[in-house]
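Here the structure is laid out as C-alpha cells; the discussion comes afterwards.
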Amino acid sequence: MALRRMFNLILNEAIKIFHQLSTYIMLTLLIGSVIAAGFIFKYNGQTSYANEDWKTQLTQQNKDLEKVLKKQNENDALEKVLSQTPTGGVELKDVIEQDIKTNHYRIDHNLPPTEGRTLWGSVTQTSGLIPLVSLLSIIISAGIVAGEFISGTIKLLLIRPIKRWKVLLSKYMTVLLFAFGGLLILFSTSFLVGGLFYGFSGANQPYLSYINGRVTEVNMVGHIFTTYAYACVSLLMMVTFAFMISTVFRNNAMAVGTSLFLLFTGDVLVSLLSKYSWVKYVLFANTDLTQYLRGAPLVEGMTMKFSLLVLTVYFVFFLATSWIFFSRRDVRE
Amino acid sequence: MDSKPVVEFINVTKKIKQKMIIDDISFDVYAGEVFGFLGPNGAGKTTTIRMLFGLISITAGEVLINGYSIKTEYEKAIAHVGGIIENPEMYQYLTGYQNLAQYARMYPSITHDRIDEVLALVKLSQNAQDKVKTYSLGMRQRLGLAQALLHKPSLIVLDEPTNGLDPAGIHELRDHLRMLAKKETIAILVSSHLLTEMELMCDRIGIIQNGKLLDIQTVNDLLLNQTTAKVLFTVDYRSKAKLCLAKMGYTEVMMTLMKENALELTLDVNQIPDIIAAFVADGIKVFGADRTTKTLEDRFLELTGGDGLA
C-alpha cells in the first residue's frame, strides 16, 4: 500500500519531467554529443592498430617502452642518491612495466588492442561524457523542488494526505532514476555508435586488467560498468548537492549555478589547495576514487576507506538538510 | 446546521519572529454550512487557511478536522479536505485531465470515471485534453474547483474563489457551493474581501482584522431582523424634497454625489410609504425609492473602524 503510493508519486514526478520540452532537448543533446564524439574519434582519434600488423606495432612499442624504462631506472638510482625521501604511490616505471606485460599478453594470446578505433575503444572514450549526464541530472534535480515553489504548484501538491518527507523522497528517487536512465542512454548510444562505426564483432573482446602483477582477462562490460560506477560518485554527490540547494533556497537558478560551478571547478579548486593537508576533507578531493586504483592519492595517507567516510558524511549532510528544510519550513508561496 | 463541527479552530495563534500574525482565533464550521471568512487584504485569512492545510506551522492552539489534529495526525486530518489556496496554480504543460490525474494518484482509490465526473461538473469536459496554459482564468478557477472536489471531501476550503470569474461564473459558483453544502452536507469555508459576495454565498460570516476574529454573524438573522435600512430616493428637485423631509423631522439626509437628484437616508422601513406620500402631496415627482441592504457592510465598518474595505 505504502509502496504503491510511493510508486504513484514517482510516476507523477516522471510524468511532469517528460511533459516538458526541456527534457527532450537535454536528451537530444546527450545522444547528439555521443554521435558527435563518435565521429570526432573516428576521424581525428588516436592512431588505430591496422588489422594485420598490430603485433609488429606492439612489439615496436614494447622496444620503445623498454628503452624509456631503462632510462627511468638510471634516473631513479640517481635520485635516490641525491634525496633520501621515498617516492610514494605508483611510479612511471610501474606503469611502463604494466604496459609492456599487457602488450606481451596480447601478442601471446592473439588479442588485438581495444584502444582507439574499436567498439570498446569507442565506448570507453565516450564514457568521458558522463559529466554531461551529471549536468543534465543536476538541472533536473535543481528544478524538481524549486520549480514547484516558483510556479506555486507546491500548495496543491502538499495538501494531499501524504507526509512531506514522502513527497521529498519521491522527488529524490525520481532524480536518481533520471540520472540512471541518462547513463543507460549514454552507454547504449555509445555501444550503438561504436558498433556502427567499427562493427559489433569486437563485442566479446575481454579487457586486460593488471591485478597483483599479473595480466588478467576481465569481461569488458564489467570493466565499462566499473568505469561508470567510479564516475557516478561525483554525479551522485553533485546531484544531491543541487537537490539540497533547490530545497533550501527554493530557487533553481541558484541550485544549477552553484552545482555546475562546483562540478567543473571542484578539481581545480582541490589542486590549488593541494598543499594544505586539510584539503583531504574537501568533497572534491574524495570524489575521484580511481586515485586509489592508480595508487596515487591526492594527499599522502588518504585511503579508500577515508574517502568513503568523507563522502558518506557529505551525502548524509546534504540529504538531512533537504529533509529538515522541506518538512519543517512554512509554505508561503 | 445543527450537526457536528467538521473543522474546529481552537485558540489558534501564529507568530513569526515575535510578530503576531494570527491572534487566538477560535471558530467551528459545521457540515452543511457555508462559512465566510471576511476581512481586508492582509488581515490573516490566507494565513489561517494555510494553517488548516498544514502548509504553515501553528504557533499555539489546535486545528481539528473531523476530530483529527492537523499537527499530529496530518494524513488522517487532511484526507477529507479539498481546497484552493489563493490562485489554483496547476502544471501549465499538462492538460486539465493530466493535472487531475496527478492528484488522483495521491489518494487511495480515485477512478478515471471520477475524474471525468468532476470535469463534467465544472463544465470542462470539452477542454479536458487541452493544456492548462491555454485556459482562461475562469477555466483555471474551475479546474481548481474540480481538483478540490475530486476525492469527495467533507470540507472544502476556498481562498478568494471568485477571483478571475465573470459575473455568470460567480453566480454559478455560488449556486454550486450552496448545492454542495445543502445536498451533500459538505462543510464549506470561503474567504473573501468582498462583502456583497459573502452575503449571497454564506450562512455565517466571521470578520477578521489584524489577525483577530472580531465577530461572527449569521447572515439570515441579519436580513430577517432588519428594521432600519438605507433608502435612496430619486426625485425631480432635490432641494424641494429635502425641505419636505425636514418638515417631517428627517434632518440627517445625505445628498449623494453619485447620482444627481438623489437623496439617501437611514430610516425605519415602515416609513417608506409615508415619505413617498408626503413627496407626492408636495408635488415632488418620485422616480425611485431603492433600499440598499448594507446592514452587514455597516456592521463590518463598525467593527473594523472603516479600514480597508474593498
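Letters A, B, ... go to the chains of the C-alpha cells in the order shown; residues in each chain start at 1; ligands are counted from 1 in the same order.
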Considering only C-alpha atoms, return as an mmCIF file with N, CA and C atoms, in the first residue's frame whatever protein or nucleic-acid residues lie within 7 Å of range 314-320 of chain A, sequence-local ones (same chain, fewer than 2 positions apart) excluded.
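Saved result, part.cif, follows:
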```cif
data_model
loop_
_atom_site.group_PDB
_atom_site.id
_atom_site.type_symbol
_atom_site.label_atom_id
_atom_site.label_comp_id
_atom_site.auth_asym_id
_atom_site.auth_seq_id
_atom_site.Cartn_x
_atom_site.Cartn_y
_atom_site.Cartn_z
ATOM 1 N N MET A 237 27.002 12.847 -5.858
ATOM 2 C CA MET A 237 27.240 13.910 -4.881
ATOM 3 C C MET A 237 26.731 15.257 -5.394
ATOM 4 N N THR A 240 22.901 15.404 -5.531
ATOM 5 C CA THR A 240 22.358 15.549 -4.186
ATOM 6 C C THR A 240 22.592 16.959 -3.660
ATOM 7 N N PHE A 241 23.755 17.515 -4.005
ATOM 8 C CA PHE A 241 24.050 18.895 -3.619
ATOM 9 C C PHE A 241 23.032 19.860 -4.247
ATOM 10 N N MET A 244 19.758 19.682 -2.554
ATOM 11 C CA MET A 244 19.745 20.402 -1.276
ATOM 12 C C MET A 244 19.564 21.911 -1.504
ATOM 13 N N VAL A 310 34.273 10.198 4.204
ATOM 14 C CA VAL A 310 34.048 11.622 3.924
ATOM 15 C C VAL A 310 32.833 11.789 3.013
ATOM 16 N N LEU A 311 32.760 10.954 1.979
ATOM 17 C CA LEU A 311 31.639 11.035 1.039
ATOM 18 C C LEU A 311 30.311 10.782 1.752
ATOM 19 N N THR A 312 30.307 9.787 2.635
ATOM 20 C CA THR A 312 29.082 9.469 3.364
ATOM 21 C C THR A 312 28.643 10.639 4.228
ATOM 22 N N SER A 322 18.170 18.893 3.267
ATOM 23 C CA SER A 322 16.988 18.950 2.390
ATOM 24 C C SER A 322 15.751 18.539 3.167
ATOM 25 N N TRP A 323 15.876 17.442 3.875
ATOM 26 C CA TRP A 323 14.748 16.876 4.595
ATOM 27 C C TRP A 323 14.226 17.846 5.657
ATOM 28 N N ILE A 324 15.147 18.412 6.436
ATOM 29 C CA ILE A 324 14.742 19.318 7.514
ATOM 30 C C ILE A 324 14.046 20.549 6.935
#
```
Residue contacts of range 11-21 of chain B (9 Å, only C-alpha atoms) excluding same-chain residues fewer than 3 positions away, as a ChimeraX atom specification: /B:24-27,43-44,47-48,51,57-63,210-212
Taking C-alpha atoms for each residue, export the selection above as a short mmCIF file (atom, residue, chain, number, x, y, z; two decimals), in the first residue's frame.
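Everything below was put into again.cif:
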```cif
data_model
loop_
_atom_site.label_atom_id
_atom_site.label_comp_id
_atom_site.auth_asym_id
_atom_site.auth_seq_id
_atom_site.Cartn_x
_atom_site.Cartn_y
_atom_site.Cartn_z
CA ASP B 24 -6.06 33.46 19.30
CA ILE B 25 -8.73 32.60 16.73
CA SER B 26 -11.49 30.12 17.61
CA PHE B 27 -14.41 29.07 15.44
CA ALA B 43 -5.95 40.56 7.74
CA GLY B 44 -4.77 36.96 8.06
CA THR B 47 -2.51 32.51 6.86
CA THR B 48 -5.37 30.92 8.78
CA MET B 51 -2.55 26.60 8.92
CA SER B 57 3.03 25.67 11.33
CA ILE B 58 0.72 26.63 14.17
CA THR B 59 2.48 28.56 16.95
CA ALA B 60 -0.16 27.79 19.57
CA GLY B 61 -3.61 26.24 19.59
CA GLU B 62 -5.05 23.46 17.52
CA VAL B 63 -6.94 22.80 14.30
CA ASN B 210 -5.28 42.39 12.00
CA GLY B 211 -5.21 38.71 12.84
CA LYS B 212 -8.13 38.88 15.26
#
```
Minimum-distance residue to Leu55 in chain B, chosen among B:Ile85, B:Asp268, B:Gly67, B:Leu243 (using only C-alpha atoms):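 That would be B:Ile85, the residue with the smallest distance to Leu55 in chain B.
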Neighbour list for Gly195 in chain A as a ChimeraX atom specification, cut-off 10 Å, only C-alpha atoms, skip fewer than 4 positions in-chain: /A:118-120,122-123,189-191,199-203
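Taking CA of Asp28 in chain B and CA of Gly144 in chain B as endpoints, the distance between them is 24.4 Å.
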Contacts of Leu58 in chain A at 12 Å (only C-alpha atoms; same-chain gap of 2+ positions) as a VMD selection string: chain A and resid 48 to 50 52 to 56 60 to 65 99 to 108 110 to 113
Please dump the current selection as a PDB file, in the first residue's frame; keep N, CA and C atoms.
```
ATOM      1  N   SER A  48      45.045   4.137 -34.959  1.00  0.00           N
ATOM      2  CA  SER A  48      44.500   2.811 -34.742  1.00  0.00           C
ATOM      3  C   SER A  48      45.555   1.772 -35.089  1.00  0.00           C
ATOM      4  N   TYR A  49      45.303   0.585 -34.614  1.00  0.00           N
ATOM      5  CA  TYR A  49      46.200  -0.516 -34.929  1.00  0.00           C
ATOM      6  C   TYR A  49      45.625  -1.205 -36.155  1.00  0.00           C
ATOM      7  N   ALA A  50      46.317  -1.031 -37.266  1.00  0.00           N
ATOM      8  CA  ALA A  50      45.818  -1.635 -38.505  1.00  0.00           C
ATOM      9  C   ALA A  50      45.681  -3.134 -38.306  1.00  0.00           C
ATOM     10  N   GLU A  52      46.278  -6.075 -39.576  1.00  0.00           N
ATOM     11  CA  GLU A  52      47.240  -7.186 -39.664  1.00  0.00           C
ATOM     12  C   GLU A  52      48.469  -6.984 -38.793  1.00  0.00           C
ATOM     13  N   ASP A  53      49.026  -5.757 -38.882  1.00  0.00           N
ATOM     14  CA  ASP A  53      50.352  -5.608 -38.286  1.00  0.00           C
ATOM     15  C   ASP A  53      50.329  -5.061 -36.865  1.00  0.00           C
ATOM     16  N   TRP A  54      49.216  -5.245 -36.138  1.00  0.00           N
ATOM     17  CA  TRP A  54      49.188  -4.738 -34.764  1.00  0.00           C
ATOM     18  C   TRP A  54      50.235  -5.417 -33.902  1.00  0.00           C
ATOM     19  N   LYS A  55      50.562  -6.697 -34.276  1.00  0.00           N
ATOM     20  CA  LYS A  55      51.565  -7.416 -33.472  1.00  0.00           C
ATOM     21  C   LYS A  55      52.934  -6.769 -33.601  1.00  0.00           C
ATOM     22  N   THR A  56      53.292  -6.414 -34.860  1.00  0.00           N
ATOM     23  CA  THR A  56      54.590  -5.752 -35.054  1.00  0.00           C
ATOM     24  C   THR A  56      54.598  -4.398 -34.373  1.00  0.00           C
ATOM     25  N   GLN A  60      57.179  -3.214 -31.511  1.00  0.00           N
ATOM     26  CA  GLN A  60      57.953  -1.975 -31.628  1.00  0.00           C
ATOM     27  C   GLN A  60      57.723  -1.089 -30.405  1.00  0.00           C
ATOM     28  N   GLN A  61      56.456  -1.009 -30.001  1.00  0.00           N
ATOM     29  CA  GLN A  61      56.090  -0.187 -28.841  1.00  0.00           C
ATOM     30  C   GLN A  61      56.810  -0.675 -27.597  1.00  0.00           C
ATOM     31  N   ASN A  62      56.834  -1.983 -27.446  1.00  0.00           N
ATOM     32  CA  ASN A  62      57.498  -2.565 -26.277  1.00  0.00           C
ATOM     33  C   ASN A  62      58.980  -2.222 -26.259  1.00  0.00           C
ATOM     34  N   LYS A  63      59.605  -2.262 -27.443  1.00  0.00           N
ATOM     35  CA  LYS A  63      61.031  -1.931 -27.520  1.00  0.00           C
ATOM     36  C   LYS A  63      61.261  -0.493 -27.040  1.00  0.00           C
ATOM     37  N   ASP A  64      60.398   0.415 -27.522  1.00  0.00           N
ATOM     38  CA  ASP A  64      60.492   1.823 -27.117  1.00  0.00           C
ATOM     39  C   ASP A  64      60.302   1.961 -25.617  1.00  0.00           C
ATOM     40  N   LEU A  65      59.289   1.273 -25.135  1.00  0.00           N
ATOM     41  CA  LEU A  65      58.969   1.366 -23.702  1.00  0.00           C
ATOM     42  C   LEU A  65      60.133   0.860 -22.854  1.00  0.00           C
ATOM     43  N   ASP A  99      52.385  -1.818 -19.010  1.00  0.00           N
ATOM     44  CA  ASP A  99      52.073  -1.743 -20.434  1.00  0.00           C
ATOM     45  C   ASP A  99      52.812  -2.827 -21.219  1.00  0.00           C
ATOM     46  N   ILE A 100      54.086  -2.999 -20.878  1.00  0.00           N
ATOM     47  CA  ILE A 100      54.896  -3.990 -21.599  1.00  0.00           C
ATOM     48  C   ILE A 100      54.299  -5.387 -21.419  1.00  0.00           C
ATOM     49  N   LYS A 101      53.946  -5.696 -20.170  1.00  0.00           N
ATOM     50  CA  LYS A 101      53.390  -7.029 -19.878  1.00  0.00           C
ATOM     51  C   LYS A 101      52.070  -7.240 -20.614  1.00  0.00           C
ATOM     52  N   THR A 102      51.251  -6.188 -20.615  1.00  0.00           N
ATOM     53  CA  THR A 102      49.954  -6.297 -21.279  1.00  0.00           C
ATOM     54  C   THR A 102      50.141  -6.521 -22.780  1.00  0.00           C
ATOM     55  N   ASN A 103      51.088  -5.777 -23.377  1.00  0.00           N
ATOM     56  CA  ASN A 103      51.355  -5.943 -24.805  1.00  0.00           C
ATOM     57  C   ASN A 103      51.809  -7.372 -25.123  1.00  0.00           C
ATOM     58  N   HIS A 104      52.695  -7.891 -24.267  1.00  0.00           N
ATOM     59  CA  HIS A 104      53.153  -9.278 -24.450  1.00  0.00           C
ATOM     60  C   HIS A 104      51.988 -10.240 -24.430  1.00  0.00           C
ATOM     61  N   TYR A 105      51.100 -10.004 -23.456  1.00  0.00           N
ATOM     62  CA  TYR A 105      49.939 -10.883 -23.288  1.00  0.00           C
ATOM     63  C   TYR A 105      49.080 -10.855 -24.553  1.00  0.00           C
ATOM     64  N   ARG A 106      48.915  -9.654 -25.102  1.00  0.00           N
ATOM     65  CA  ARG A 106      48.109  -9.506 -26.330  1.00  0.00           C
ATOM     66  C   ARG A 106      48.717 -10.315 -27.477  1.00  0.00           C
ATOM     67  N   ILE A 107      50.045 -10.187 -27.629  1.00  0.00           N
ATOM     68  CA  ILE A 107      50.721 -10.886 -28.721  1.00  0.00           C
ATOM     69  C   ILE A 107      50.611 -12.395 -28.513  1.00  0.00           C
ATOM     70  N   ASP A 108      50.844 -12.819 -27.273  1.00  0.00           N
ATOM     71  CA  ASP A 108      50.820 -14.252 -26.975  1.00  0.00           C
ATOM     72  C   ASP A 108      49.442 -14.860 -27.173  1.00  0.00           C
ATOM     73  N   ASN A 110      46.876 -13.526 -28.954  1.00  0.00           N
ATOM     74  CA  ASN A 110      46.216 -13.057 -30.171  1.00  0.00           C
ATOM     75  C   ASN A 110      44.984 -12.196 -29.859  1.00  0.00           C
ATOM     76  N   LEU A 111      45.187 -11.211 -28.961  1.00  0.00           N
ATOM     77  CA  LEU A 111      44.092 -10.296 -28.603  1.00  0.00           C
ATOM     78  C   LEU A 111      44.458  -8.892 -29.057  1.00  0.00           C
ATOM     79  N   PRO A 112      43.921  -8.425 -30.190  1.00  0.00           N
ATOM     80  CA  PRO A 112      44.268  -7.074 -30.649  1.00  0.00           C
ATOM     81  C   PRO A 112      43.827  -6.018 -29.639  1.00  0.00           C
ATOM     82  N   PRO A 113      44.565  -4.920 -29.539  1.00  0.00           N
ATOM     83  CA  PRO A 113      44.223  -3.890 -28.544  1.00  0.00           C
ATOM     84  C   PRO A 113      42.829  -3.316 -28.805  1.00  0.00           C
TER      85      PRO A 113
END
```
Test item: chain B residues at most 6 Å from chain A, counting only C-alpha atoms, as a PyMOL selection string: chain B and resi 53+55-56+75+78-79+89-90+102+105
